[in-house]
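Before any comments, here is the structure.
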Amino acid sequence: MIYKAPRGTHDIFGVNAAKMSLLEQVARVIFRKRGFEEIRTPIFEDAALFMRSIGQVTDIVEKEMYVFEDKKGRKLALRPEATASLARAFIENRLGISMPAGKFFYIGEMFRYERPQAGRYRQFHQIGGEFFGVSSPAADAEIILLAQDLLYSVEVNEISAHINSLGCKNCRPALREALVKYLDSGHGLCGDCLRRLKRNPLRVLDCKIDSHKFTEIPQMSDYLCSECKCSFDLLQSLLESAGCNYIVDNRLVRGLDYYTKTVFEIRQDTAGSREALAAGGRYDNLVEDIGGQSTPAVGFALGSERVLAAAQKAKFFISFQESEKIYIALADSELFSEAFSFAVKIVKNGLRGNKNISVFGPLEDKNLTNQLKFADKIKACTAVIFAKTEFEKGKVLVKNMKDKTQTEISINEL
Ligand code: HAM
């Protein structure tokens with residue numbers, strides 16, 4: 001029996017694992033600079049949390065959640081996203097009391113039972129930030145700019161933020177009514193859309209089968225109340241003054257029901273597909289809806305796999321790939337402990353001033369020829385060989401693994 005990773009999942013190793021870590025490191029620095037604290041929530045939660053937060057009539061809840069029962073019959077779900085988990089953690093840990101304007105970031109795996117294709121997996125990684133307690137559109141602008149900064153920092157440059165406002169509790173009913181009227185007028189809707197029409201008409205706009213039919217949907221902007229309109233105008237002027245590349249897109253609705261007012265997606269200008277690299281929005285009712293005190297909030301998440309694919313050719317990763325691989329080899333096995341402590345020293349201090357190194361060896365029981373073959377296999381640039389005659393003079397042999405030239409160098413100089 002040969003086992004394979006489950007469909008829609010993949011192992012991340014070698015250069016890809018290193019790139020993923022680098023992206024996460026960069027994200028941590030950027031988040032901390034803006035006062036976001038890291039939070040780690042469980043990978044599984046009460047399934048009802050997601051049903052309530054994301055919405056019963058959404059693709060994620062209807063089709064994509066991994067739901068299971070534990071041994072006590074509790075209905076749990078692998079998290080399909082983390083905003084609901086963060087809102088739950090915000091309430092449960094009373095984070096709003098110690099930090100009225102709480103900023104949190106998270107990095108981790110999400111799970112959705114989707115049809116696997118390029119950039120769409122069943123287990124994937126998100127890096128996200130949530131900003132609780134501020135209703136000003138300045139927070140929305142900060143989140144959009146932060147998401148863009150993250151992409152710029154890995155040299156994914158040709159991007160635009162597509163933004164829209166979905167209104168609030170006050171103006172949504174009028175928009176909803178206009179939408180139902182429009183969608184119900186002879187579009188020949190598919191079964192899913194017909195079922196969703198009355199319960200959640202916004203989701204109909206997202207339908208993969210029918211969405212192309214809706215050419216003249218009621219403009220959200222015509223239904224916004226004065227407060228929502230002011231917020232959306234202010235958001236745009238803040239983005240403009242920050243030099244942000246944004247596009248107002250009245251068709252943008254997003255696949256999660258918790259959003260109010262601002263929604264956005266950041267897409268690559270050059271990519272033919274509509275797939276977003278990052279997305280988010282405001283969710284002013286979620287904390288209260290799941291049992292907390294009324295708390296405005298806004299956030300985003302980027303898909304790490306999608307961002308890494310977009311950054312594939314980015315200059316940012318080149319310096320990482322150029323880290324110098326050093327192999328510590330033994331010509332005489334009695335020098336094992338000396339070679340070992342030398343390896344420990346250069347891991348800490350670098351070699352000849354270069355700290356961007358990866359150190360391999362020494363390995364105990366291979367002869368020198370096999371050790372050097374191994375060094376070639378792992379594409380080492382340099383082998384530092386510990387041999388008795390040279391070591392007695394305080395020296396080692398330093399072999400250039402590309403041209404195979406070799407020089408004696410004093411250990412203290414390395
Ligand atoms: P989302 O749009 O569902 O939003 O996902 C955010 C990002 O995760 C997407 O833009 C995409 O890059 C990535 N993503 C989503 N599904 C997949 C998949 N199956 N495979 C690979 N990547 C994927 C949320 O999850 C919200 N929680 C964002 C948010 C935070 N809103 C407010 N705060």
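Residues in the structure tokens are named by chain (A, B, ... in the order shown) and by number from 1 within that chain; ligands are numbered from 1 in the order shown.
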
Neighbour list for Cys168 (chain A) as a list of chain:residue names, cut-off 6 Å, only C-alpha atoms, skip fewer than 3 positions in-chain
A:Cys171, A:Arg172, A:Thr260, A:Lys261

With only C-alpha atoms and all ligand atoms counted, collect every polymer residue having an atom within 7 Å of ligand 1; state the result as JSON, numbers by chain.
{"A": [81, 82, 83, 112, 114, 119, 120, 121, 122, 123, 124, 125, 126, 128, 129, 130, 254, 255, 265, 275, 276, 277, 278, 279, 280, 281, 282, 298, 299, 300, 301, 302, 303, 304, 305, 306]}

Please report, as a PyMOL selection string, each residue of region 318-384 of chain A to which DSSP assigns strand (DSSP E or B) when run on this structure's backbone.
chain A and resi 324-330+351+354+357-360+382-384

What's the 7 Å shell around region 47-58 of chain A, counting only C-alpha atoms, without same-chain residues fewer than 6 positions away, as a VMD selection string?
chain A and resid 67 75 to 77 84 196 200 203 255 to 258 286

Residues from the last selection, N, CA, C and O atoms, saved as a CSV table (one decimal), in the first residue's frame:
```csv
chain,number,residue,atom,x,y,z
A,67,VAL,N,-16.4,19.0,9.0
A,67,VAL,CA,-17.1,18.9,10.3
A,67,VAL,C,-17.0,17.4,10.8
A,67,VAL,O,-17.1,16.5,10.0
A,75,LYS,N,-19.9,18.5,18.1
A,75,LYS,CA,-19.8,18.8,16.7
A,75,LYS,C,-18.7,19.9,16.5
A,75,LYS,O,-18.9,21.0,16.9
A,76,LEU,N,-17.6,19.5,15.9
A,76,LEU,CA,-16.4,20.4,15.7
A,76,LEU,C,-16.1,20.6,14.3
A,76,LEU,O,-16.6,19.8,13.4
A,77,ALA,N,-15.4,21.6,14.0
A,77,ALA,CA,-15.0,21.9,12.6
A,77,ALA,C,-13.5,22.3,12.5
A,77,ALA,O,-13.1,23.1,13.4
A,84,ALA,N,-13.6,34.3,12.6
A,84,ALA,CA,-14.5,33.9,13.7
A,84,ALA,C,-13.8,33.4,14.9
A,84,ALA,O,-14.2,33.7,16.0
A,196,ARG,N,-31.0,30.4,-2.7
A,196,ARG,CA,-30.4,31.4,-2.0
A,196,ARG,C,-31.0,32.8,-2.1
A,196,ARG,O,-30.8,33.7,-1.3
A,200,ASN,N,-30.4,34.8,1.1
A,200,ASN,CA,-29.1,35.5,1.0
A,200,ASN,C,-28.8,35.9,-0.4
A,200,ASN,O,-27.9,35.4,-1.0
A,203,ARG,N,-25.2,36.4,-2.0
A,203,ARG,CA,-24.5,35.2,-2.4
A,203,ARG,C,-24.8,34.8,-3.9
A,203,ARG,O,-23.9,34.3,-4.5
A,255,GLY,N,-17.4,36.1,0.0
A,255,GLY,CA,-18.2,34.9,0.3
A,255,GLY,C,-18.5,34.6,1.8
A,255,GLY,O,-18.8,33.5,2.1
A,256,LEU,N,-18.4,35.6,2.6
A,256,LEU,CA,-18.6,35.4,4.0
A,256,LEU,C,-19.7,36.5,4.5
A,256,LEU,O,-19.6,37.6,4.0
A,257,ASP,N,-20.6,36.1,5.3
A,257,ASP,CA,-21.7,36.9,5.6
A,257,ASP,C,-21.5,38.0,6.7
A,257,ASP,O,-22.3,38.8,7.0
A,258,TYR,N,-20.3,37.9,7.4
A,258,TYR,CA,-20.2,38.8,8.6
A,258,TYR,C,-19.8,40.2,8.2
A,258,TYR,O,-19.8,41.1,9.0
A,286,LEU,N,-20.1,41.2,14.2
A,286,LEU,CA,-19.8,39.9,14.5
A,286,LEU,C,-19.6,39.6,16.0
A,286,LEU,O,-20.1,38.6,16.5
```

From the DSSP assignment of the backbone, select every residue of region 159-390 of chain A that is helix (DSSP H, G or I), and format the answer as a PyMOL selection string.
chain A and resi 172-183+191-199+201-204+211-213+220-222+226-241+286-289+304-310+315-321+333-349+368-377+388-390

Between CA of Gln236 (chain A) and CA of Lys169 (chain A), what is the spacing in Å?
21.5 Å

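For the set A:Asp46, A:Glu69, A:Thr41, A:Ile127, the residue with the smallest atom-to-atom gap to Phe90 (chain A) is A:Thr41, counting only C-alpha atoms.
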
With distances taken over only C-alpha atoms, which residue among A:Cys244, A:Met65, A:Val344, A:Val156 lies nearest Leu23 (chain A)?
A:Val156

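Minimum atom-to-atom distances from A:Lys395, A:Lys404, A:Lys355, A:Lys33 to Asp149 (chain A) were compared using only C-alpha atoms, and the lowest value belongs to A:Lys33.
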
Might you pull out every residue within 10 Å of Thr407 (chain A), with only C-alpha atoms counted and same-chain residues fewer than 6 positions away left off, and present them as a compact mmCIF listing (two decimals) with N, CA and C atoms, in the first residue's frame?
```txt
# COMPACT_ATOMS: atom_id res chain seq x y z
N VAL A 384 35.08 22.48 4.46
CA VAL A 384 36.19 22.75 5.40
C VAL A 384 36.63 21.38 5.91
N LYS A 395 45.66 24.59 11.41
CA LYS A 395 45.04 24.92 10.11
C LYS A 395 44.01 23.87 9.67
N VAL A 396 43.19 24.25 8.70
CA VAL A 396 42.27 23.30 8.03
C VAL A 396 42.41 23.49 6.52
N LEU A 397 41.87 22.53 5.77
CA LEU A 397 41.88 22.67 4.31
C LEU A 397 40.53 23.23 3.88
N VAL A 398 40.55 24.28 3.08
CA VAL A 398 39.29 24.86 2.62
C VAL A 398 39.18 24.59 1.12
N LYS A 399 38.17 23.78 0.76
CA LYS A 399 38.05 23.35 -0.64
C LYS A 399 36.89 24.08 -1.31
N ASN A 400 37.17 24.71 -2.43
CA ASN A 400 36.12 25.32 -3.24
C ASN A 400 35.45 24.19 -4.03
```
